[in-house]
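Q: Structure file work09.csv (CSV, C-alpha atoms and all ligand atoms) right here:
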```csv
chain,number,residue,atom,x,y,z
A,1,MET,CA,13.1,5.4,-22.5
A,2,ARG,CA,16.4,3.9,-21.5
A,3,ALA,CA,18.3,6.6,-23.3
A,4,ASN,CA,16.8,9.2,-21.0
A,5,PHE,CA,18.0,7.3,-18.0
A,6,PRO,CA,21.6,8.1,-17.6
A,7,ARG,CA,21.7,8.3,-13.9
A,8,LYS,CA,23.9,5.7,-12.3
A,9,TYR,CA,22.9,4.5,-8.8
A,10,SER,CA,26.4,4.8,-7.4
A,11,TYR,CA,27.0,4.9,-3.7
A,12,MET,CA,27.3,8.4,-2.7
A,13,ASN,CA,29.3,9.2,0.3
A,14,SER,CA,30.8,6.0,1.8
A,15,THR,CA,32.6,8.2,4.2
A,16,ILE,CA,30.8,7.2,7.4
A,17,LYS,CA,32.7,4.7,9.5
A,18,LEU,CA,30.1,2.2,10.6
A,19,PRO,CA,30.3,0.4,13.9
A,20,ASP,CA,30.5,-3.4,13.8
A,21,SER,CA,27.3,-4.5,15.5
A,22,TRP,CA,23.8,-4.0,14.2
A,23,GLN,CA,22.6,-3.2,17.8
A,24,THR,CA,25.0,-0.3,18.0
A,25,LEU,CA,23.9,0.9,14.5
A,26,LEU,CA,20.3,0.6,15.6
A,27,SER,CA,21.0,2.7,18.7
A,28,GLN,CA,22.9,5.3,16.7
A,29,THR,CA,20.2,6.4,14.3
A,30,LEU,CA,19.9,10.1,13.5
A,31,LYS,CA,17.0,11.7,15.3
A,32,ARG,CA,17.6,15.4,15.2
A,33,PRO,CA,16.8,17.3,12.0
A,34,GLU,CA,19.8,19.7,12.7
A,35,GLU,CA,22.2,16.8,12.4
A,36,LEU,CA,20.6,15.6,9.2
A,37,PHE,CA,20.7,19.1,7.7
A,38,SER,CA,24.3,19.7,8.6
A,39,TYR,CA,25.5,16.3,7.4
A,40,LEU,CA,23.7,16.5,4.1
A,41,GLN,CA,24.2,20.3,3.6
A,42,LEU,CA,20.5,21.0,3.3
A,43,PRO,CA,19.1,24.6,3.3
A,44,ASP,CA,18.4,26.0,6.8
A,45,SER,CA,15.2,27.5,5.5
A,46,LEU,CA,13.5,24.1,5.8
A,47,LEU,CA,14.8,23.3,9.3
A,48,ASP,CA,11.9,24.9,11.2
A,49,ASP,CA,9.3,22.9,9.3
A,50,ALA,CA,11.4,19.7,9.7
A,51,ASN,CA,11.5,20.2,13.5
A,52,ARG,CA,7.8,20.8,13.7
A,53,ALA,CA,6.9,17.8,11.5
A,54,SER,CA,9.2,15.6,13.5
A,55,LEU,CA,7.2,16.4,16.6
A,56,GLU,CA,4.2,14.7,14.9
A,57,PHE,CA,6.2,11.7,13.7
A,58,ALA,CA,9.8,11.4,14.9
A,59,MET,CA,12.6,11.5,12.4
A,60,ARG,CA,14.8,8.4,12.5
A,61,VAL,CA,17.5,7.6,10.0
A,62,PRO,CA,20.0,4.8,10.3
A,63,LEU,CA,23.6,5.6,9.3
A,64,PRO,CA,23.8,3.0,6.4
A,65,TRP,CA,20.8,4.8,4.8
A,66,LEU,CA,22.3,8.2,5.3
A,67,ASP,CA,25.4,7.0,3.5
A,68,ARG,CA,23.4,6.4,0.3
A,69,ILE,CA,22.0,9.9,0.1
A,70,GLU,CA,23.5,12.5,-2.2
A,71,LYS,CA,24.6,15.5,-0.3
A,72,GLY,CA,22.8,18.8,-1.0
A,73,ASN,CA,20.2,17.2,-3.3
A,74,LEU,CA,16.7,17.9,-2.1
A,75,ASP,CA,15.3,15.6,-4.8
A,76,ASP,CA,17.3,12.6,-3.7
A,77,PRO,CA,14.8,9.7,-3.6
A,78,LEU,CA,16.2,8.3,-0.3
A,79,LEU,CA,16.1,11.7,1.3
A,80,ARG,CA,12.5,12.2,0.4
A,81,GLN,CA,11.5,9.1,2.3
A,82,ILE,CA,13.0,10.3,5.6
A,83,LEU,CA,13.0,14.1,5.5
A,84,PRO,CA,10.2,15.7,7.7
A,85,LEU,CA,8.5,18.4,5.6
A,86,GLY,CA,6.1,21.3,6.3
A,87,ASP,CA,3.7,19.6,3.9
A,88,GLU,CA,3.1,16.9,6.5
A,89,LEU,CA,1.3,19.5,8.7
A,90,ASP,CA,-1.4,20.2,6.1
A,91,THR,CA,-4.8,18.7,6.7
A,92,VAL,CA,-6.1,17.1,3.5
A,93,PRO,CA,-9.6,15.7,3.4
A,94,GLY,CA,-9.7,11.9,3.1
A,95,PHE,CA,-6.3,11.4,4.6
A,96,THR,CA,-6.9,9.8,8.0
A,97,ASN,CA,-5.0,8.4,11.0
A,98,ASP,CA,-5.9,4.7,10.4
A,99,PRO,CA,-6.6,4.4,6.6
A,100,LEU,CA,-6.6,0.5,6.8
A,101,GLU,CA,-8.9,0.3,9.8
A,102,GLU,CA,-6.4,-2.1,11.4
A,103,MET,CA,-7.3,-1.1,14.9
A,104,SER,CA,-10.6,-3.0,14.4
A,105,SER,CA,-9.4,-6.4,13.1
A,106,ASN,CA,-7.4,-7.6,16.0
A,107,PRO,CA,-9.0,-10.6,17.6
A,108,VAL,CA,-6.1,-10.7,20.1
A,109,GLU,CA,-3.9,-7.7,20.8
A,110,GLY,CA,-0.8,-7.8,18.5
A,111,LEU,CA,-2.5,-10.2,16.0
A,112,ILE,CA,-4.3,-9.2,12.8
A,113,HIS,CA,-6.3,-12.0,11.1
A,114,LYS,CA,-7.9,-10.5,8.0
A,115,TYR,CA,-7.0,-13.1,5.3
A,116,LYS,CA,-7.6,-16.9,5.2
A,117,GLY,CA,-4.8,-19.1,6.2
A,118,ARG,CA,-2.4,-16.4,7.3
A,119,VAL,CA,-2.1,-14.2,10.3
A,120,LEU,CA,0.0,-11.1,10.9
A,121,VAL,CA,1.8,-10.7,14.2
A,122,VAL,CA,2.9,-7.3,15.3
A,123,LEU,CA,6.1,-8.1,17.2
A,124,THR,CA,7.1,-4.5,17.9
A,125,GLY,CA,6.2,-1.0,16.9
A,126,ALA,CA,9.8,0.0,16.6
A,127,CYS,CA,11.6,0.5,13.3
A,128,ALA,CA,15.2,1.3,12.4
A,129,ILE,CA,13.9,4.0,10.0
A,130,ASN,CA,10.8,6.2,10.1
A,131,CYS,CA,9.4,6.5,6.6
A,132,ARG,CA,7.4,9.7,6.2
A,133,TYR,CA,4.7,7.9,4.2
A,134,CYS,CA,4.2,5.1,6.6
A,135,PHE,CA,0.5,4.3,7.3
A,136,ARG,CA,1.5,3.3,10.8
A,137,ARG,CA,2.7,6.8,11.6
A,138,HIS,CA,-0.2,7.4,13.9
A,139,PHE,CA,-0.4,4.0,15.6
A,140,PRO,CA,-0.8,4.1,19.3
A,141,TYR,CA,1.4,1.0,19.8
A,142,ALA,CA,4.5,3.1,18.7
A,143,GLU,CA,7.2,1.5,20.7
A,144,ASN,CA,5.2,-1.3,22.3
A,145,ARG,CA,6.7,-4.7,22.4
A,146,LEU,CA,4.7,-7.9,22.5
A,147,GLY,CA,4.7,-9.1,26.1
A,148,PRO,CA,4.8,-12.8,27.2
A,149,GLU,CA,1.1,-12.9,28.2
A,150,GLN,CA,0.0,-11.4,24.9
A,151,TRP,CA,2.3,-13.8,23.0
A,152,GLN,CA,0.7,-16.8,24.8
A,153,LYS,CA,-2.8,-15.5,23.8
A,154,ILE,CA,-1.6,-15.3,20.2
A,155,LEU,CA,-0.2,-18.9,20.4
A,156,ASP,CA,-3.5,-20.1,21.8
A,157,TYR,CA,-5.4,-18.4,19.0
A,158,ILE,CA,-3.2,-19.9,16.2
A,159,THR,CA,-3.3,-23.3,17.9
A,160,ALA,CA,-7.1,-23.3,18.0
A,161,ASP,CA,-7.5,-22.4,14.3
A,162,THR,CA,-6.1,-25.2,12.1
A,163,SER,CA,-6.8,-23.3,9.0
A,164,ILE,CA,-3.9,-21.0,9.7
A,165,THR,CA,-0.8,-22.3,7.9
A,166,GLU,CA,1.4,-19.2,7.7
A,167,VAL,CA,2.5,-16.7,10.4
A,168,ILE,CA,3.7,-13.3,9.2
A,169,PHE,CA,6.1,-11.4,11.5
A,170,SER,CA,5.4,-7.7,11.0
A,171,GLY,CA,5.6,-4.5,12.9
A,172,GLY,CA,7.1,-2.0,13.0
A,173,ASP,CA,10.1,-4.1,12.0
A,174,PRO,CA,10.2,-7.6,13.5
A,175,LEU,CA,14.0,-7.9,12.9
A,176,VAL,CA,14.6,-5.2,15.4
A,177,SER,CA,14.0,-8.1,17.9
A,178,SER,CA,17.1,-9.9,19.1
A,179,ASP,CA,18.1,-13.4,17.8
A,180,THR,CA,17.5,-14.7,21.3
A,181,ARG,CA,13.9,-13.5,21.2
A,182,LEU,CA,13.3,-14.7,17.7
A,183,THR,CA,14.6,-18.1,18.7
A,184,GLN,CA,12.0,-18.3,21.5
A,185,LEU,CA,9.2,-17.2,19.3
A,186,LEU,CA,10.2,-19.7,16.5
A,187,ASN,CA,10.5,-22.5,19.0
A,188,ASP,CA,7.0,-21.9,20.2
A,189,LEU,CA,5.5,-21.6,16.7
A,190,GLN,CA,7.2,-24.8,15.6
A,191,LYS,CA,5.2,-26.8,18.1
A,192,ILE,CA,2.0,-25.9,16.3
A,193,PRO,CA,1.6,-28.7,13.7
A,194,HIS,CA,-0.6,-27.0,11.2
A,195,LEU,CA,1.9,-24.1,10.6
A,196,THR,CA,4.1,-24.7,7.5
A,197,ARG,CA,5.3,-21.2,6.5
A,198,LEU,CA,6.9,-18.3,8.3
A,199,ARG,CA,7.0,-14.9,6.6
A,200,ILE,CA,9.1,-11.9,7.8
A,201,HIS,CA,8.1,-8.5,6.6
A,202,SER,CA,11.2,-6.4,7.2
A,203,ARG,CA,12.9,-3.3,5.9
A,204,LEU,CA,16.1,-4.0,7.9
A,205,PRO,CA,17.9,-6.0,5.1
A,206,VAL,CA,17.7,-2.8,3.1
A,207,VAL,CA,18.1,0.0,5.6
A,208,LEU,CA,20.4,-1.8,8.1
A,209,PRO,CA,21.7,-4.9,6.2
A,210,GLN,CA,24.2,-5.5,9.1
A,211,ARG,CA,21.2,-7.1,10.8
A,212,VAL,CA,21.5,-10.2,8.6
A,213,THR,CA,24.1,-11.9,10.8
A,214,GLU,CA,25.3,-15.4,10.6
A,215,SER,CA,23.5,-16.1,13.8
A,216,LEU,CA,20.2,-14.9,12.2
A,217,THR,CA,20.6,-17.0,9.1
A,218,THR,CA,21.6,-20.1,11.1
A,219,LEU,CA,18.6,-19.6,13.3
A,220,LEU,CA,16.3,-19.4,10.2
A,221,SER,CA,17.9,-22.3,8.4
A,222,GLN,CA,17.3,-24.5,11.4
A,223,THR,CA,13.5,-24.3,11.6
A,224,ARG,CA,11.2,-26.7,9.9
A,225,PHE,CA,9.3,-23.9,8.2
A,226,ASN,CA,9.5,-22.6,4.6
A,227,ILE,CA,10.6,-19.1,5.1
A,228,VAL,CA,9.9,-16.1,3.0
A,229,THR,CA,11.3,-12.6,3.7
A,230,VAL,CA,9.5,-9.7,2.1
A,231,ILE,CA,12.0,-6.8,2.1
A,232,HIS,CA,10.9,-3.2,1.4
A,233,SER,CA,12.8,-1.2,-1.2
A,234,ASN,CA,11.3,1.7,-3.2
A,235,HIS,CA,14.3,2.8,-5.3
A,236,PRO,CA,17.3,1.1,-6.8
A,237,GLN,CA,19.7,3.6,-5.2
A,238,GLU,CA,18.8,1.8,-1.9
A,239,LEU,CA,20.3,-1.4,-3.0
A,240,ASP,CA,24.0,-1.0,-2.4
A,241,PRO,CA,26.6,-3.9,-2.2
A,242,SER,CA,25.9,-4.4,1.6
A,243,VAL,CA,22.2,-5.0,0.8
A,244,ALA,CA,23.2,-7.5,-2.0
A,245,LYS,CA,25.4,-9.3,0.6
A,246,ALA,CA,22.6,-9.5,3.1
A,247,VAL,CA,20.1,-10.9,0.5
A,248,LYS,CA,22.7,-13.5,-0.6
A,249,GLN,CA,23.1,-14.7,3.0
A,250,LEU,CA,19.4,-15.1,3.4
A,251,SER,CA,19.1,-17.0,0.1
A,252,GLN,CA,21.9,-19.3,1.1
A,253,ALA,CA,20.0,-20.1,4.3
A,254,GLY,CA,17.1,-21.2,2.1
A,255,VAL,CA,15.0,-18.1,2.5
A,256,THR,CA,12.9,-16.9,-0.4
A,257,VAL,CA,13.3,-13.1,-0.8
A,258,LEU,CA,10.6,-10.9,-2.3
A,259,ASN,CA,10.3,-7.2,-2.4
A,260,GLN,CA,7.4,-4.9,-1.7
A,261,ALA,CA,7.4,-1.2,-2.6
A,262,VAL,CA,5.1,1.7,-2.2
A,263,LEU,CA,4.4,4.0,-5.2
A,264,LEU,CA,5.5,7.4,-4.0
A,265,ARG,CA,5.4,10.8,-5.8
A,266,GLY,CA,8.9,12.1,-6.2
A,267,VAL,CA,10.6,8.8,-5.2
A,268,ASN,CA,9.7,6.2,-7.8
A,269,ASP,CA,6.7,7.5,-9.8
A,270,SER,CA,8.2,6.7,-13.2
A,271,VAL,CA,8.6,3.8,-15.5
A,272,GLU,CA,12.4,4.3,-15.6
A,273,VAL,CA,12.9,4.1,-11.9
A,274,LEU,CA,10.6,1.1,-11.4
A,275,GLN,CA,12.2,-0.8,-14.3
A,276,ALA,CA,15.6,-0.1,-12.8
A,277,LEU,CA,14.3,-1.2,-9.4
A,278,SER,CA,13.0,-4.5,-10.7
A,279,GLU,CA,16.2,-5.2,-12.6
A,280,LYS,CA,18.4,-4.3,-9.7
A,281,LEU,CA,16.4,-6.4,-7.3
A,282,PHE,CA,16.6,-9.4,-9.6
A,283,SER,CA,20.3,-9.0,-10.1
A,284,ILE,CA,20.8,-9.4,-6.3
A,285,GLY,CA,18.4,-12.3,-6.1
A,286,VAL,CA,15.1,-10.7,-5.1
A,287,LEU,CA,11.8,-10.9,-7.0
A,288,PRO,CA,9.3,-8.0,-7.0
A,289,TYR,CA,6.1,-8.9,-5.3
A,290,TYR,CA,3.7,-6.0,-4.6
A,291,LEU,CA,3.8,-2.3,-5.6
A,292,PHE,CA,1.3,-0.7,-3.2
A,293,THR,CA,-0.6,2.4,-4.0
A,294,PHE,CA,-0.1,4.8,-1.3
A,295,ASP,CA,-2.5,4.6,1.7
A,296,PRO,CA,-4.3,7.9,2.4
A,297,VAL,CA,-2.6,8.6,5.7
A,298,LYS,CA,-2.8,12.0,7.3
A,299,GLY,CA,0.3,14.0,6.9
A,300,ALA,CA,1.6,12.3,3.8
A,301,ALA,CA,-0.8,13.5,1.0
A,302,HIS,CA,2.2,14.9,-0.9
A,303,PHE,CA,3.3,11.3,-1.8
A,304,ASP,CA,0.0,10.4,-3.5
A,305,VAL,CA,0.0,9.2,-7.1
A,306,PRO,CA,-3.5,8.9,-8.6
A,307,ASP,CA,-4.7,5.4,-9.6
A,308,ASP,CA,-4.9,6.2,-13.3
A,309,GLU,CA,-1.3,7.3,-13.4
A,310,ALA,CA,-0.3,4.2,-11.4
A,311,LYS,CA,-2.0,1.9,-13.8
A,312,GLN,CA,-0.5,3.6,-16.8
A,313,ILE,CA,3.0,3.2,-15.3
A,314,ILE,CA,2.5,-0.5,-14.7
A,315,SER,CA,1.1,-1.1,-18.1
A,316,GLN,CA,4.2,0.5,-19.6
A,317,LEU,CA,6.3,-1.6,-17.3
A,318,GLN,CA,4.6,-4.8,-18.6
A,319,ASN,CA,5.8,-3.9,-22.1
A,320,LEU,CA,9.4,-3.5,-20.9
A,321,LEU,CA,10.0,-6.4,-18.5
A,322,PRO,CA,9.4,-10.1,-18.3
A,323,GLY,CA,6.2,-10.8,-16.3
A,324,TYR,CA,8.1,-12.1,-13.3
A,325,LEU,CA,9.8,-8.7,-12.9
A,326,VAL,CA,6.5,-6.7,-12.9
A,327,PRO,CA,5.2,-6.1,-9.4
A,328,LYS,CA,1.5,-6.5,-8.7
A,329,LEU,CA,-0.1,-3.1,-8.3
A,330,ALA,CA,-2.2,-3.5,-5.3
A,331,ARG,CA,-4.0,-1.7,-2.5
A,332,GLU,CA,-5.5,-2.8,0.8
A,333,ILE,CA,-9.2,-2.0,1.0
A,334,PRO,CA,-10.6,-2.5,4.5
A,335,GLY,CA,-13.1,-5.4,4.7
A,336,GLN,CA,-11.7,-7.3,1.6
A,337,GLY,CA,-10.4,-10.8,1.9
A,338,SER,CA,-7.2,-10.1,0.1
A,339,LYS,CA,-5.2,-7.2,-1.3
A,340,THR,CA,-7.0,-5.7,-4.3
A,341,LEU,CA,-5.2,-5.7,-7.6
A,342,LEU,CA,-5.7,-2.5,-9.7
A,343,ILE,CA,-5.0,-4.2,-13.0
A,344,PRO,CA,-7.2,-7.3,-13.4
A,345,ASN,CA,-4.9,-9.3,-15.6
A,346,GLN,CA,-2.2,-9.3,-12.9
A,347,GLU,CA,-4.3,-11.8,-11.0
B,401,LIG,C1,-1.0,-7.8,3.5
B,401,LIG,C2,-1.4,-8.7,4.6
B,401,LIG,C3,-1.2,-10.1,4.6
B,401,LIG,C4,-0.5,-10.7,3.5
B,401,LIG,O1,-1.2,-10.7,2.2
B,401,LIG,P1,-0.5,-11.5,1.0
B,401,LIG,O2,-1.4,-11.2,-0.1
B,401,LIG,O3,-0.5,-13.0,1.4
B,401,LIG,O4,0.9,-11.0,0.9
B,401,LIG,C5,-1.8,-10.8,5.6
B,401,LIG,N1,-2.5,-10.3,6.6
B,401,LIG,C6,-2.6,-9.0,6.7
B,401,LIG,C7,-3.4,-8.4,7.8
B,401,LIG,C8,-2.1,-8.1,5.7
B,401,LIG,O5,-2.3,-6.8,5.8
B,402,LIG,S1,10.0,0.5,7.9
B,402,LIG,FE1,7.9,0.0,7.3
B,402,LIG,S2,6.7,0.0,9.2
B,402,LIG,FE2,8.7,1.1,9.6
B,402,LIG,S3,8.3,3.3,9.2
B,402,LIG,FE3,9.0,2.4,7.3
B,402,LIG,S4,7.2,1.7,6.1
B,402,LIG,FE4,6.6,2.1,8.3
```
Represent the structure of the file as structure tokens.
Ligand SMILES: *Cc1c(COP(=O)(O)O)cnc(C)c1O
Ligand code: SF4
A:
Amino acid sequence: MRANFPRKYSYMNSTIKLPDSWQTLLSQTLKRPEELFSYLQLPDSLLDDANRASLEFAMRVPLPWLDRIEKGNLDDPLLRQILPLGDELDTVPGFTNDPLEEMSSNPVEGLIHKYKGRVLVVLTGACAINCRYCFRRHFPYAENRLGPEQWQKILDYITADTSITEVIFSGGDPLVSSDTRLTQLLNDLQKIPHLTRLRIHSRLPVVLPQRVTESLTTLLSQTRFNIVTVIHSNHPQELDPSVAKAVKQLSQAGVTVLNQAVLLRGVNDSVEVLQALSEKLFSIGVLPYYLFTFDPVKGAAHFDVPDDEAKQIISQLQNLLPGYLVPKLAREIPGQGSKTLLIPNQE
């Protein structure tokens, strides 16, 4: 297997001069398919479809991500995650707008309480990157931000339920929020005595690692919570030295860093890539957590990998890697009390 894996995940272009502040980077994401096509030298024949697909779900590519894509390579695994394609416009039976039925488990707007002991708070609908396979691509809250009244209702809900010990900041991407805002939110949460853990689900340490500033790590290290950050990386080529640095800063602040990935056709649907991903993650201080099977969201059927194939890939991975480097193959089934594992002995 390894002999067939000559490809080095070197860092392609490194020609883009990046601005210093993460806020500037966040405001300078690429949104027009023409710009992407011209920068990466992609064939014009795909541009019309890209424009049409981006009307359904906007294209959004941060510059640090663009910098890791190989020019002219339509099979580049990072390109495939952000390139709007004509395939997205196909209607495929069984692929729906809200595959997880999340719109119906919000006791309070902005809060999802599906599992015992932990609640998910949707801080913002905004992301630094728009992943074409995202199951939130049709969510009505798109760019909504949690307002003060809503936040107070969420605090009241958590305060009233002493079985809740962990709050998960999610989105969109919660680290799109400013440090000032995060400080306020954390101060409020710290007053709730039964909370012990804070979890942050964010793709920013990968797609825009400049977000992990000293002020953020200081802020996190000063709370009384045990903090877990679950980053989201699907392919080892995403993990360049700037990502390694961001993870190191989080770890030094006492944050446990885990990774979740989504199994995607044409991106990471092979034993070789997933093995390299786990090894690369561990080498920068991250443990693999979940590998999610793809959610049947409308417009993204071309990313689907059938369950049997997914299970086979993970079984092979179990033979190649130590147990702690094998992610749990999981899916979210509406109505279940936890994620559902596809391979029982991974429980
Ligand atoms: C995935 C998820 C969680 C976290 O589940 P873990 O198994 O603890 O990682 C919590 N709440 C919701 C609504 C989720 O979708
Ligand atoms: S970063 Fe996460 S929430 Fe945002 S588009 Fe990508 S997968 Fe979806």
Q: Set the cut-off to 7 Å, count all atoms listed in the file, and list whatever residues fall near ligand LIG 402 (chain B) as a compact mmCIF listing (two decimals) with C-alpha atoms, in the coordinates of the input.
A:
```
# COMPACT_ATOMS: atom_id res chain seq x y z
CA CYS A 127 11.60 0.50 13.30
CA ALA A 128 15.20 1.30 12.40
CA ILE A 129 13.90 4.00 10.00
CA ASN A 130 10.80 6.20 10.10
CA CYS A 131 9.40 6.50 6.60
CA TYR A 133 4.70 7.90 4.20
CA CYS A 134 4.20 5.10 6.60
CA PHE A 135 0.50 4.30 7.30
CA ARG A 136 1.50 3.30 10.80
CA ARG A 137 2.70 6.80 11.60
CA GLY A 171 5.60 -4.50 12.90
CA GLY A 172 7.10 -2.00 13.00
CA ASP A 173 10.10 -4.10 12.00
CA ARG A 203 12.90 -3.30 5.90
```
Q: Show me which residues line ligand LIG 401 (chain B), defined as having an atom within 9 Å of a ligand atom where all atoms listed in the file count, and present them as a PyMOL selection string.
A: chain A and resi 100+102+105+111-121+167-168+230+289-290+332+338-340
Q: Could you check which of A:Leu55, A:Ile200, A:Leu189, A:Leu74 is closest to Leu175 of chain A, using all atoms listed in the file?
A: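 Using all atoms listed in the file, the shortest distance to Leu175 of chain A belongs to A:Ile200.
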Q: For Gln41 of chain A, please output as a PDB file with C-alpha atoms, keeping the file's coordinate frame all residues within 12 Å (counting only C-alpha atoms; exclusion window: fewer than 4 positions along the same chain).
A:
```pdb
ATOM      1  CA  PRO A  33      16.800  17.300  12.000  1.00  0.00           C
ATOM      2  CA  GLU A  34      19.800  19.700  12.700  1.00  0.00           C
ATOM      3  CA  GLU A  35      22.200  16.800  12.400  1.00  0.00           C
ATOM      4  CA  LEU A  36      20.600  15.600   9.200  1.00  0.00           C
ATOM      5  CA  PHE A  37      20.700  19.100   7.700  1.00  0.00           C
ATOM      6  CA  SER A  45      15.200  27.500   5.500  1.00  0.00           C
ATOM      7  CA  LEU A  46      13.500  24.100   5.800  1.00  0.00           C
ATOM      8  CA  LEU A  47      14.800  23.300   9.300  1.00  0.00           C
ATOM      9  CA  ILE A  69      22.000   9.900   0.100  1.00  0.00           C
ATOM     10  CA  GLU A  70      23.500  12.500  -2.200  1.00  0.00           C
ATOM     11  CA  LYS A  71      24.600  15.500  -0.300  1.00  0.00           C
ATOM     12  CA  GLY A  72      22.800  18.800  -1.000  1.00  0.00           C
ATOM     13  CA  ASN A  73      20.200  17.200  -3.300  1.00  0.00           C
ATOM     14  CA  LEU A  74      16.700  17.900  -2.100  1.00  0.00           C
TER      15      LEU A  74
END
```
Q: Interatomic distance between atom CA of Lys248 of chain A and atom CA of Val286 of chain A?
A: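 Atom CA of Val286 of chain A lies at a distance of 9.3 Å from atom CA of Lys248 of chain A.
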Q: Give as a ChimeraX atom specification each residue that has an atom at most 6 Å from (13.5, 11.6, 8.2) in the file, counting only C-alpha atoms.
A: /A:59-61,82-84
Q: Between atom CA of Pro64 of chain A and atom CA of Val247 of chain A, what distance in Å does the model show, to one decimal?
A: 15.5 Å
Q: Work out how far atom CA of Gly266 of chain A is from atom CA of Arg132 of chain A, in Å to one decimal.
A: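 These two atoms are separated by 12.7 Å.
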Q: Near Asp90 of chain A, within 10 Å and counting all atoms listed in the file, which residues show up once chain neighbours fewer than 5 positions away are dropped, as a PyMOL selection string?
A: chain A and resi 298-302
Q: Fewer than 5 positions away in the same chain doesn't count, so skip those; otherwise give me all residues within 8 Å of Leu342 of chain A, counting only C-alpha atoms, as a PyMOL selection string.
A: chain A and resi 307+311+329-331
Q: Quick one: residues within 9 Å of Leu63 of chain A, all atoms listed in the file counted, chain neighbours fewer than 3 positions away excluded, as an MDAnalysis selection string?
A: chainID A and resid 16 18 25:26 28:30 66:67 207:208
Q: Using only C-alpha atoms, can you list as a VMD selection string the residues within 6 Å of (7.9, 1.5, -13.2)?
A: chain A and resid 270 to 275 313 to 314 317
Q: Between A:Ser177, A:Thr223, A:Gln346, A:Asn259, which one has atoms that come closest to Glu279 of chain A, using all atoms listed in the file?
A: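 Nearest candidate to Glu279 of chain A out of A:Ser177, A:Thr223, A:Gln346, A:Asn259: A:Asn259.
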